[in-house]
>>> print(open('structure-v6.cif').read())   # mmCIF, C-alpha atoms
data_protein
#
loop_
_atom_site.label_atom_id
_atom_site.label_comp_id
_atom_site.auth_asym_id
_atom_site.auth_seq_id
_atom_site.Cartn_x
_atom_site.Cartn_y
_atom_site.Cartn_z
CA MET A 978 105.67 109.28 61.43
CA ASN A 979 105.52 106.59 64.12
CA THR A 980 109.09 106.88 65.37
CA THR A 981 109.24 110.62 66.09
CA PRO A 982 108.80 111.02 69.88
CA ARG A 983 105.83 113.09 70.99
CA SER A 984 108.20 115.50 72.74
CA ASN A 985 109.77 116.35 69.36
CA ARG A 986 106.46 117.02 67.62
CA TYR A 987 104.71 120.34 67.06
CA HIS A 988 101.79 120.39 69.53
CA ILE A 989 98.43 121.67 68.26
CA ALA A 990 95.78 122.11 70.96
CA ILE A 991 92.13 122.03 69.86
CA VAL A 992 90.10 123.88 72.52
CA GLY A 993 86.61 125.27 72.85
CA ARG A 994 83.27 124.94 74.59
CA ARG A 995 81.38 121.67 74.88
CA ASN A 996 79.66 120.46 71.74
CA VAL A 997 81.17 122.97 69.35
CA GLY A 998 82.63 120.05 67.42
CA LYS A 999 86.25 119.82 68.60
CA SER A 1000 86.41 116.04 68.37
CA SER A 1001 84.63 116.01 65.02
CA LEU A 1002 87.05 118.61 63.71
CA ILE A 1003 90.08 116.57 64.82
CA ASN A 1004 88.61 113.54 63.05
CA ALA A 1005 88.12 115.64 59.94
CA ILE A 1006 91.69 117.02 60.06
CA ALA A 1007 93.17 113.54 60.53
CA ASN A 1008 90.65 112.04 58.10
CA GLN A 1009 90.02 109.18 60.50
CA ASP A 1010 88.03 108.49 63.65
CA ILE A 1011 90.36 109.37 66.52
CA SER A 1012 88.14 111.04 69.08
CA LEU A 1013 84.79 109.82 70.33
CA VAL A 1014 81.98 111.98 68.96
CA SER A 1015 78.58 112.40 70.60
CA SER A 1016 75.87 115.02 70.92
CA THR A 1017 76.05 114.55 74.70
CA PRO A 1018 77.93 117.47 76.27
CA GLY A 1019 81.15 116.51 78.01
CA THR A 1020 81.93 113.38 75.99
CA THR A 1021 85.65 114.22 75.92
CA THR A 1022 86.80 114.08 79.54
CA ASP A 1023 90.60 113.98 79.26
CA PRO A 1024 93.03 115.28 76.65
CA VAL A 1025 93.39 112.88 73.72
CA TYR A 1026 96.65 112.91 71.74
CA LYS A 1027 96.95 111.92 68.09
CA ALA A 1028 100.34 111.83 66.36
CA MET A 1029 100.23 112.45 62.63
CA GLU A 1030 102.03 114.10 59.72
CA LEU A 1031 101.11 117.44 58.20
CA GLN A 1032 102.93 117.40 54.89
CA PRO A 1033 105.17 119.10 54.04
CA PHE A 1034 105.49 120.59 57.56
CA GLY A 1035 106.26 117.34 59.36
CA PRO A 1036 105.28 115.43 62.50
CA VAL A 1037 102.67 116.99 64.78
CA VAL A 1038 100.42 115.92 67.62
CA LEU A 1039 96.77 117.00 67.76
CA ILE A 1040 95.36 117.38 71.27
CA ASP A 1041 91.60 117.06 71.80
CA THR A 1042 90.38 118.62 75.05
CA ALA A 1043 87.35 118.72 77.28
CA GLY A 1044 84.99 121.70 77.02
CA ILE A 1045 86.28 124.87 78.66
CA ASP A 1046 82.73 125.63 79.85
CA ASP A 1047 82.23 122.37 81.75
CA THR A 1048 80.40 122.67 85.06
CA GLY A 1049 80.29 121.00 88.45
CA ALA A 1050 83.19 119.75 90.57
CA LEU A 1051 84.21 117.13 88.02
CA GLY A 1052 83.72 119.58 85.17
CA LYS A 1053 86.09 122.04 86.81
CA GLU A 1054 88.77 119.35 86.96
CA ARG A 1055 88.24 118.59 83.27
CA THR A 1056 88.47 122.29 82.42
CA LYS A 1057 91.66 122.57 84.47
CA ARG A 1058 93.22 119.81 82.38
CA SER A 1059 92.15 121.53 79.19
CA TYR A 1060 93.85 124.76 80.20
CA ALA A 1061 96.93 122.78 81.30
CA VAL A 1062 97.30 121.66 77.68
CA LEU A 1063 98.20 125.26 76.81
CA ASP A 1064 101.41 124.76 78.82
CA LYS A 1065 102.70 122.41 76.14
CA ALA A 1066 100.93 123.74 73.04
CA ASP A 1067 102.85 125.32 70.17
CA LEU A 1068 99.62 126.40 68.45
CA VAL A 1069 96.05 126.81 69.69
CA VAL A 1070 93.05 126.24 67.47
CA LEU A 1071 90.03 127.75 69.21
CA VAL A 1072 86.86 126.09 67.94
CA THR A 1073 83.64 128.06 68.19
CA GLU A 1074 80.37 128.12 66.26
CA ALA A 1075 78.41 130.70 64.34
CA SER A 1076 75.35 132.56 65.50
CA ASP A 1077 72.08 132.54 63.59
CA HIS A 1078 72.74 136.04 62.25
CA ASP A 1079 72.65 136.71 58.56
CA PRO A 1080 75.48 136.84 57.69
CA PRO A 1081 76.66 134.43 60.43
CA GLU A 1082 78.98 135.72 63.13
CA PRO A 1083 81.45 133.80 65.29
CA VAL A 1084 80.29 133.59 68.91
CA ILE A 1085 83.07 134.50 71.36
CA ASP A 1086 82.03 134.18 75.02
CA ASP A 1087 83.96 134.71 78.26
CA ASP A 1088 85.44 131.21 78.30
CA GLU A 1089 86.78 131.68 74.80
CA LYS A 1090 88.05 135.15 75.65
CA ARG A 1091 90.09 133.58 78.44
CA VAL A 1092 91.73 131.19 75.94
CA ILE A 1093 92.51 134.13 73.66
CA GLU A 1094 94.04 136.08 76.55
CA LEU A 1095 96.13 133.12 77.73
CA ALA A 1096 97.40 132.53 74.20
CA ARG A 1097 98.28 136.21 73.90
CA ASP A 1098 100.05 136.27 77.29
CA ARG A 1099 102.11 133.19 76.40
CA LYS A 1100 102.80 134.39 72.86
CA LEU A 1101 101.07 131.31 71.46
CA PRO A 1102 99.96 131.39 67.82
CA LEU A 1103 96.15 131.26 67.63
CA LEU A 1104 93.67 130.25 64.96
CA VAL A 1105 89.88 130.44 65.28
CA ALA A 1106 87.82 127.75 63.57
CA VAL A 1107 84.12 128.61 63.32
CA ASN A 1108 82.40 125.24 63.01
CA LYS A 1109 78.97 124.00 61.93
CA LEU A 1110 78.84 126.15 58.82
CA ASP A 1111 77.55 123.30 56.73
CA SER A 1112 76.79 125.15 53.52
CA PRO A 1113 79.29 126.82 51.17
CA GLU A 1114 77.22 130.00 51.29
CA SER A 1115 77.44 130.33 55.09
CA ARG A 1116 81.20 129.76 55.02
CA LYS A 1117 81.70 132.39 52.34
CA ALA A 1118 79.59 134.89 54.26
CA LEU A 1119 81.61 134.37 57.43
CA VAL A 1120 84.97 134.63 55.66
CA LYS A 1121 84.00 138.00 54.20
CA THR A 1122 83.03 139.51 57.53
CA SER A 1123 85.03 137.60 60.15
CA GLN A 1124 87.78 140.16 60.67
CA THR A 1125 85.36 142.88 61.71
CA LEU A 1126 82.86 140.87 63.75
CA SER A 1127 84.56 140.46 67.10
CA ALA A 1128 86.61 142.91 69.12
CA SER A 1129 87.92 139.93 71.08
CA LEU A 1130 90.17 138.86 68.22
CA ASP A 1131 93.40 140.50 67.15
CA LYS A 1132 93.13 141.90 63.67
CA ASN A 1133 95.80 139.47 62.46
CA THR A 1134 94.05 136.38 63.86
CA THR A 1135 93.08 133.99 61.09
CA VAL A 1136 89.45 132.88 61.21
CA CYS A 1137 88.53 129.75 59.27
CA ALA A 1138 84.96 128.79 58.44
CA VAL A 1139 84.55 125.02 58.57
CA SER A 1140 82.10 122.18 58.66
CA ALA A 1141 83.51 119.16 60.48
CA LYS A 1142 80.34 117.34 59.46
CA ASN A 1143 81.08 117.38 55.72
CA ARG A 1144 84.78 118.53 55.81
CA GLY A 1145 83.85 121.85 54.23
CA GLY A 1146 86.70 124.32 54.71
CA VAL A 1147 88.82 121.74 56.56
CA ASP A 1148 91.52 121.67 53.90
CA GLU A 1149 91.74 125.46 54.13
CA LEU A 1150 92.06 125.16 57.93
CA ILE A 1151 94.88 122.63 57.52
CA GLU A 1152 96.68 125.02 55.18
CA ALA A 1153 96.26 127.81 57.75
CA ILE A 1154 97.66 125.55 60.48
CA LYS A 1155 100.67 124.67 58.34
CA ALA A 1156 101.29 128.32 57.49
CA VAL A 1157 101.22 129.37 61.15
CA ALA A 1158 103.33 126.39 62.19
CA GLU A 1159 105.93 127.12 59.50
CA GLN A 1160 106.15 130.77 60.52
CA ALA A 1161 106.41 129.88 64.21
CA SER A 1162 109.13 127.33 63.49
CA GLN A 1163 111.14 129.92 61.57
CA ASN A 1164 110.84 132.38 64.44
CA ARG A 1165 111.60 129.80 67.13
CA SER A 1166 115.27 129.46 68.08
CA GLU A 1167 115.96 125.74 68.15
CA VAL A 1168 118.69 124.66 70.54
CA SER A 1169 120.75 121.74 69.28
CA ILE A 1170 121.44 118.81 71.55
CA ILE A 1171 125.13 118.57 70.71
CA GLY A 1172 125.61 119.65 67.10
CA ASP A 1173 126.72 123.22 67.82
CA LEU A 1174 129.36 122.00 70.29
CA ILE A 1175 131.24 119.85 67.78
CA GLU A 1176 132.70 120.08 64.28
CA PRO A 1177 132.29 117.73 61.29
CA GLY A 1178 134.72 114.82 61.65
CA ASP A 1179 134.97 115.13 65.45
CA THR A 1180 134.77 112.02 67.59
CA VAL A 1181 132.32 112.01 70.50
CA ILE A 1182 132.38 109.28 73.13
CA LEU A 1183 128.99 108.52 74.66
CA VAL A 1184 129.10 106.58 77.93
CA CYS A 1185 125.85 104.62 78.24
CA PRO A 1186 125.57 102.27 81.23
CA ILE A 1187 123.44 99.19 80.66
CA ASP A 1188 121.89 98.77 84.09
CA GLU A 1189 118.54 97.97 85.69
CA GLU A 1190 117.03 101.26 84.55
CA ALA A 1191 118.02 100.81 80.90
CA PRO A 1192 115.04 99.58 78.84
CA LYS A 1193 115.45 96.00 77.63
CA SER A 1194 117.21 95.82 74.23
CA ARG A 1195 117.15 99.63 73.90
CA LEU A 1196 118.98 102.78 74.90
CA ILE A 1197 117.15 105.55 76.73
CA LEU A 1198 115.75 108.39 74.64
CA PRO A 1199 118.38 111.09 75.44
CA GLN A 1200 121.14 108.71 74.41
CA VAL A 1201 119.43 107.80 71.15
CA GLN A 1202 118.71 111.42 70.26
CA THR A 1203 122.25 112.51 71.09
CA ILE A 1204 123.67 109.79 68.85
CA ARG A 1205 121.40 110.93 66.02
CA ASP A 1206 122.31 114.60 66.49
CA THR A 1207 126.00 113.67 66.45
CA LEU A 1208 125.54 111.80 63.15
CA ASP A 1209 123.40 114.59 61.70
CA HIS A 1210 126.35 116.94 62.22
CA ASP A 1211 128.78 114.63 60.43
CA ALA A 1212 130.67 113.59 63.56
CA LEU A 1213 131.63 110.13 64.82
CA ALA A 1214 129.71 108.64 67.76
CA LEU A 1215 131.56 106.01 69.81
CA VAL A 1216 129.19 104.36 72.30
CA VAL A 1217 130.67 102.50 75.28
CA GLN A 1218 129.82 101.24 78.72
CA PRO A 1219 131.78 102.75 81.64
CA ALA A 1220 134.06 99.73 81.99
CA ARG A 1221 135.20 100.10 78.36
CA LEU A 1222 135.81 103.85 78.43
CA ARG A 1223 139.56 103.62 79.13
CA ASP A 1224 140.01 101.14 76.27
CA ALA A 1225 138.07 103.43 73.93
CA LEU A 1226 140.26 106.41 74.81
CA ASN A 1227 143.45 104.39 74.39
CA ASN A 1228 142.35 103.10 70.99
CA LEU A 1229 141.81 106.58 69.55
CA LYS A 1230 144.66 108.16 67.60
CA SER A 1231 143.66 111.60 68.95
CA PRO A 1232 141.54 112.68 71.93
CA PRO A 1233 137.77 112.96 71.44
CA ALA A 1234 136.20 116.38 71.03
CA LEU A 1235 133.73 115.62 73.82
CA VAL A 1236 132.72 112.86 76.23
CA VAL A 1237 129.07 112.65 77.27
CA THR A 1238 128.10 110.39 80.14
CA ASP A 1239 125.11 109.26 82.12
CA SER A 1240 125.06 111.54 85.16
CA GLN A 1241 124.99 108.66 87.63
CA VAL A 1242 128.54 107.58 86.67
CA PHE A 1243 129.95 111.12 86.49
CA SER A 1244 132.60 110.47 89.16
CA GLU A 1245 134.09 107.30 87.69
CA VAL A 1246 134.02 108.73 84.16
CA ALA A 1247 135.70 111.98 85.28
CA LYS A 1248 138.58 109.95 86.77
CA VAL A 1249 139.22 108.25 83.41
CA VAL A 1250 138.74 111.16 80.99
CA PRO A 1251 141.83 113.43 80.76
CA ASP A 1252 141.30 116.93 82.14
CA GLU A 1253 141.89 118.53 78.74
CA VAL A 1254 138.99 116.57 77.19
CA PRO A 1255 135.58 118.29 77.61
CA LEU A 1256 133.11 116.27 79.67
CA THR A 1257 129.38 116.69 80.29
CA SER A 1258 126.25 114.56 80.69
CA PHE A 1259 123.14 113.72 78.69
CA SER A 1260 121.02 115.39 81.37
CA ILE A 1261 122.97 118.66 81.11
CA LEU A 1262 122.77 118.57 77.29
CA PHE A 1263 118.99 118.31 77.63
CA ALA A 1264 118.89 121.03 80.27
CA ARG A 1265 119.97 123.35 77.46
CA HIS A 1266 118.10 121.64 74.62
CA ARG A 1267 114.73 121.54 76.39
CA GLY A 1268 114.99 124.44 78.80
CA ASP A 1269 117.13 127.36 79.96
CA LEU A 1270 120.60 126.26 81.06
CA ASP A 1271 121.37 129.62 82.69
CA GLN A 1272 118.32 129.43 84.96
CA LEU A 1273 119.05 125.82 85.86
CA LYS A 1274 122.71 126.64 86.59
CA ALA A 1275 121.61 129.50 88.84
CA GLY A 1276 119.37 127.10 90.74
CA ILE A 1277 122.39 125.12 91.90
CA LYS A 1278 123.23 127.90 94.35
CA ALA A 1279 120.17 126.91 96.40
CA VAL A 1280 121.70 123.48 97.09
CA ASP A 1281 124.39 125.09 99.24
CA SER A 1282 121.81 127.01 101.28
CA LEU A 1283 119.47 124.10 102.02
CA LYS A 1284 118.74 123.57 105.70
CA PRO A 1285 117.42 120.53 107.57
CA GLY A 1286 113.64 120.43 107.28
CA ASP A 1287 113.50 122.22 103.92
CA LYS A 1288 111.09 120.91 101.34
CA VAL A 1289 112.39 119.77 97.94
CA LEU A 1290 110.36 118.86 94.85
CA ILE A 1291 111.80 116.24 92.49
CA ALA A 1292 110.08 116.33 89.10
CA GLU A 1293 110.27 113.66 86.42
CA ALA A 1294 108.80 114.18 82.98
CA CYS A 1295 108.41 110.45 82.39
CA THR A 1296 106.52 107.75 84.28
CA HIS A 1297 108.20 104.47 85.12
CA HIS A 1298 108.15 101.91 87.89
CA PRO A 1299 110.86 102.92 90.39
CA ILE A 1300 113.61 100.36 90.98
CA ALA A 1301 115.49 99.75 94.23
CA GLU A 1302 118.15 102.39 93.45
CA ASP A 1303 115.94 104.81 91.53
CA ILE A 1304 117.77 108.03 90.70
CA ALA A 1305 114.88 110.35 91.61
CA ARG A 1306 113.38 108.63 94.64
CA VAL A 1307 116.44 107.06 96.20
CA LYS A 1308 119.83 108.32 95.03
CA ILE A 1309 119.25 112.09 94.81
CA PRO A 1310 117.44 112.25 98.20
CA ARG A 1311 120.22 110.17 99.76
CA TRP A 1312 123.00 112.38 98.37
CA LEU A 1313 121.24 115.55 99.47
CA GLN A 1314 120.52 114.31 102.98
CA GLN A 1315 124.10 113.14 103.39
CA ARG A 1316 125.08 116.70 102.57
CA VAL A 1317 122.37 118.68 104.40
CA GLY A 1318 120.59 116.49 106.90
CA ASN A 1319 116.93 115.56 107.04
CA LEU A 1320 114.87 117.04 104.21
CA GLN A 1321 111.26 116.71 103.08
CA PHE A 1322 110.75 115.40 99.53
CA ASP A 1323 107.76 115.55 97.23
CA PHE A 1324 107.72 113.83 93.84
CA CYS A 1325 105.77 114.41 90.66
CA SER A 1326 106.00 112.58 87.35
CA GLY A 1327 104.63 112.66 83.82
CA GLY A 1328 102.45 115.64 83.03
CA GLY A 1329 101.84 116.49 86.67
CA PHE A 1330 103.40 119.62 88.15
CA PRO A 1331 102.17 121.38 91.32
CA ASP A 1332 100.15 124.58 90.93
CA ASP A 1333 101.56 125.99 94.17
CA LEU A 1334 105.35 125.92 94.47
CA SER A 1335 105.67 128.39 97.33
CA SER A 1336 106.54 125.80 100.00
CA TYR A 1337 109.61 124.48 98.20
CA ALA A 1338 113.19 125.57 98.82
CA LEU A 1339 114.35 123.87 95.62
CA ILE A 1340 113.00 122.05 92.55
CA ILE A 1341 115.14 119.36 90.89
CA HIS A 1342 113.94 118.42 87.39
CA CYS A 1343 115.00 115.61 85.10
CA GLY A 1344 116.43 116.31 81.66
CA GLY A 1345 112.92 116.63 80.23
CA CYS A 1346 113.31 114.34 77.22
CA MET A 1347 109.64 113.28 77.48
CA VAL A 1348 108.19 116.82 77.39
CA ASN A 1349 108.48 119.35 74.61
CA ARG A 1350 110.51 122.54 74.94
CA ARG A 1351 107.39 124.68 75.33
CA GLN A 1352 106.25 122.70 78.38
CA MET A 1353 109.70 122.69 79.97
CA LEU A 1354 110.09 126.43 79.49
CA ASN A 1355 106.66 126.94 81.03
CA ARG A 1356 107.68 124.97 84.12
CA LEU A 1357 110.76 127.15 84.42
CA ARG A 1358 108.58 130.25 84.04
CA VAL A 1359 106.24 129.06 86.80
CA ALA A 1360 109.19 128.38 89.12
CA ARG A 1361 110.70 131.78 88.33
CA SER A 1362 107.36 133.53 89.01
CA ALA A 1363 107.09 131.73 92.34
CA GLY A 1364 110.64 132.73 93.26
CA VAL A 1365 111.67 129.08 93.68
CA PRO A 1366 115.10 128.00 92.38
CA ILE A 1367 115.07 125.08 89.97
CA THR A 1368 117.92 122.92 88.72
CA ASN A 1369 118.49 119.69 86.82
CA TYR A 1370 119.56 116.14 87.72
CA GLY A 1371 122.86 116.34 85.83
CA LEU A 1372 123.81 119.76 87.20
CA LEU A 1373 122.93 118.68 90.73
CA ILE A 1374 124.91 115.42 90.55
CA SER A 1375 127.99 117.07 89.06
CA HIS A 1376 127.81 119.74 91.79
CA ILE A 1377 127.52 117.15 94.55
CA LYS A 1378 130.44 115.20 93.06
CA GLY A 1379 132.53 118.37 92.86
CA ILE A 1380 132.90 118.46 89.07
CA LEU A 1381 130.28 121.05 88.05
CA PRO A 1382 132.80 123.55 86.59
CA ARG A 1383 134.16 120.84 84.33
CA ALA A 1384 130.68 119.58 83.38
CA ILE A 1385 129.57 123.00 82.11
CA GLN A 1386 132.90 124.21 80.73
CA VAL A 1387 132.06 123.14 77.17
CA PHE A 1388 128.97 125.37 77.22
CA ASP A 1389 130.83 128.34 78.68
CA LEU A 1390 133.51 128.04 75.98
CA HIS A 1391 130.81 127.77 73.31
CA GLU A 1392 129.14 130.96 74.55
CA GLN A 1393 132.49 132.78 74.60
CA GLN A 1394 133.16 131.71 71.01
CA ARG A 1395 129.71 132.90 69.92
CA ALA A 1396 130.27 136.25 71.61
CA THR A 1397 133.60 136.63 69.79
CA CYS A 1398 132.15 135.82 66.37
#
>>> encode(input="structure-v6.cif", output="structure tokens")
Amino acid sequence: MNTTPRSNRYHIAIVGRRNVGKSSLINAIANQDISLVSSTPGTTTDPVYKAMELQPFGPVVLIDTAGIDDTGALGKERTKRSYAVLDKADLVVLVTEASDHDPPEPVIDDDEKRVIELARDRKLPLLVAVNKLDSPESRKALVKTSQTLSASLDKNTTVCAVSAKNRGGVDELIEAIKAVAEQASQNRSEVSIIGDLIEPGDTVILVCPIDEEAPKSRLILPQVQTIRDTLDHDALALVVQPARLRDALNNLKSPPALVVTDSQVFSEVAKVVPDEVPLTSFSILFARHRGDLDQLKAGIKAVDSLKPGDKVLIAEACTHHPIAEDIARVKIPRWLQQRVGNLQFDFCSGGGFPDDLSSYALIIHCGGCMVNRRQMLNRLRVARSAGVPITNYGLLISHIKGILPRAIQVFDLHEQQRATC
């Protein structure tokens, strides 16, 4: 439960108006006090993330949000962050409350209608939890009539009557969440990191530099996850530093099925690895695993049309203290300006991503190991809608170093094989 990265968890966003009981409901679902609860409107000001297990479904993250009806300048910023959570959500639980009617009816106002419309537009699964039904009788009455009470809801939308106060109906809500999550997972096409590119028994060499940017005593997340995916597919993972790559190749009785390298040492690795051995990078593997490799490959064309003075956005999904030779803030800008001339660079990191992309000639994104696939695909969608080309660190570096065709050849061959089958 504790070791699964947040980016690999199923994201469940809990949204609704102020004081409908979102935080109380999250506490009831998790069966522990996670979110601060108060009768004062606007207690939750920023999204709160709680990693947990929903057995037998697996690891999830619950996201508590500020009220979507918040007011004032600060309230609008809180609301903006709540809606931004939908960019990464795999499932939305809209929390509302019942009216005083007999039988009780769910109250769906304009703010909640906007959530429903956004979920529908983004093809997000949606559940409605009607809270504050603190008696079994009120919950039963709502369940019987919920499907006919609001024209705002699709007829297939599940409505759960709950009481976060005494956990009434919460177990049924959890079962509904698991059912929707299971169905969505079955319908979602998961893209392997490396497993579909190799066969059981293959040897894969992973070139992992231990430099200033490597976390102390650890490998970076894409390297760890690629090793695990290699082992999960019954292949052999041989992990080396660049200086030991030639020795590793010479010690093998037969060539490896694939060599995967850190993008920053692409050139030196390409000189050592024989031309007949497929070569790519961790960043390019994650370009496909987290996003849309075709769109990111297409974005490379914009590199060749950059002009002096153009504006480039470099986006990192993680947050870290930049070092002297930081890949995003130093190396990539230097390589591009050596190629093009003076350029303007903007940078964003973590969950931040500009609302307006219209001024950019190109977006260069990291591999995205710290965001989930839903969020990465949404960023690609936003770039596509704005008409701004977007590419990936690994694709960009291999293009600049003149080895892009080789770096993507393994994926092209894989697609050709799939088309033949």
>>> resolve_selection(input="structure-v6.cif", expression="the PyMOL selection byres ((chain A and resi 1243) around 9)", output="ChimeraX atom specification")
/A:1238-1242,1244-1248,1257-1258,1371,1374-1375,1378,1380
>>> atom_distance(input="structure-v6.cif", atom1="atom CA of A:Ile1367", atom2="atom CA of A:Ser1059")
25.6 Å
>>> residues_around(input="structure-v6.cif", residues="A:Asp1148", least_positions_apart="5", cutoff="10 Å", atoms="all atoms listed in the file", output="PyMOL selection string")
chain A and resi 1005-1006+1139+1153-1154
>>> residues_around(input="structure-v6.cif", residues="A:Ala990", least_positions_apart="2", cutoff="12 Å", atoms="all atoms listed in the file", output="PyMOL selection string")
chain A and resi 987-988+992-993+999-1000+1002-1003+1024-1027+1037-1043+1058-1072+1092+1096+1101-1105+1154
>>> closest_residue(input="structure-v6.cif", among="A:Pro1036, A:Gly1172, A:Gly1329, A:Pro1233", to="A:Leu1262", atoms="all atoms listed in the file")
A:Gly1172
>>> closest_residue(input="structure-v6.cif", among="A:Lys1274, A:His1266, A:Arg1356, A:Arg1099", to="A:Ser984", atoms="all atoms listed in the file")
A:His1266
>>> residues_around(input="structure-v6.cif", residues="A:Ser1326", least_positions_apart="3", cutoff="8 Å", atoms="all atoms listed in the file", output="ChimeraX atom specification")
/A:1292-1296,1329-1330
>>> closest_residue(input="structure-v6.cif", among="A:Phe1259, A:Gly1328, A:Phe1322, A:Leu1339", to="A:Leu1283", atoms="all atoms listed in the file")
A:Leu1339
>>> closest_residue(input="structure-v6.cif", among="A:Asn1133, A:Ser1282, A:Gln1032, A:Asn1108", to="A:Ala1075", atoms="all atoms listed in the file")
A:Asn1108
>>> resolve_selection(input="structure-v6.cif", expression="the PyMOL selection byres ((chain A and resi 1287) around 9)", output="VMD selection string")
chain A and resid 1283 to 1286 1288 to 1289 1319 to 1322 1336 to 1339
>>> atom_distance(input="structure-v6.cif", atom1="atom CA of A:Ile1085", atom2="atom CA of A:Asp1047")
16.0 Å
>>> closest_residue(input="structure-v6.cif", among="A:Arg1311, A:Asn985, A:Ile1291, A:Thr1073", to="A:Tyr1370", atoms="all atoms listed in the file")
A:Ile1291
>>> residues_around(input="structure-v6.cif", residues="A:Glu1074", least_positions_apart="3", cutoff="12 Å", atoms="all atoms listed in the file", output="VMD selection string")
chain A and resid 993 to 999 1002 1071 1077 to 1078 1081 to 1086 1089 1105 to 1111 1115 to 1116 1119 1136 to 1141
>>> atom_distance(input="structure-v6.cif", atom1="atom CA of A:Val1348", atom2="atom CA of A:Pro1199")
11.9 Å
>>> closest_residue(input="structure-v6.cif", among="A:Thr1180, A:Ser1001, A:Gln1315, A:Asn1008", to="A:Pro1232", atoms="only C-alpha atoms")
A:Thr1180
>>> residues_around(input="structure-v6.cif", residues="A:Leu1215", least_positions_apart="2", cutoff="12 Å", atoms="only C-alpha atoms", output="ChimeraX atom specification")
/A:1179-1185,1200,1203-1205,1207-1208,1212-1213,1217-1218,1221-1222,1224-1226,1228-1229,1233-1238
>>> resolve_selection(input="structure-v6.cif", expression="the PyMOL selection byres ((chain A and resi 1368) around 6)", output="VMD selection string")
chain A and resid 1273 1276 to 1277 1341 1367 1369
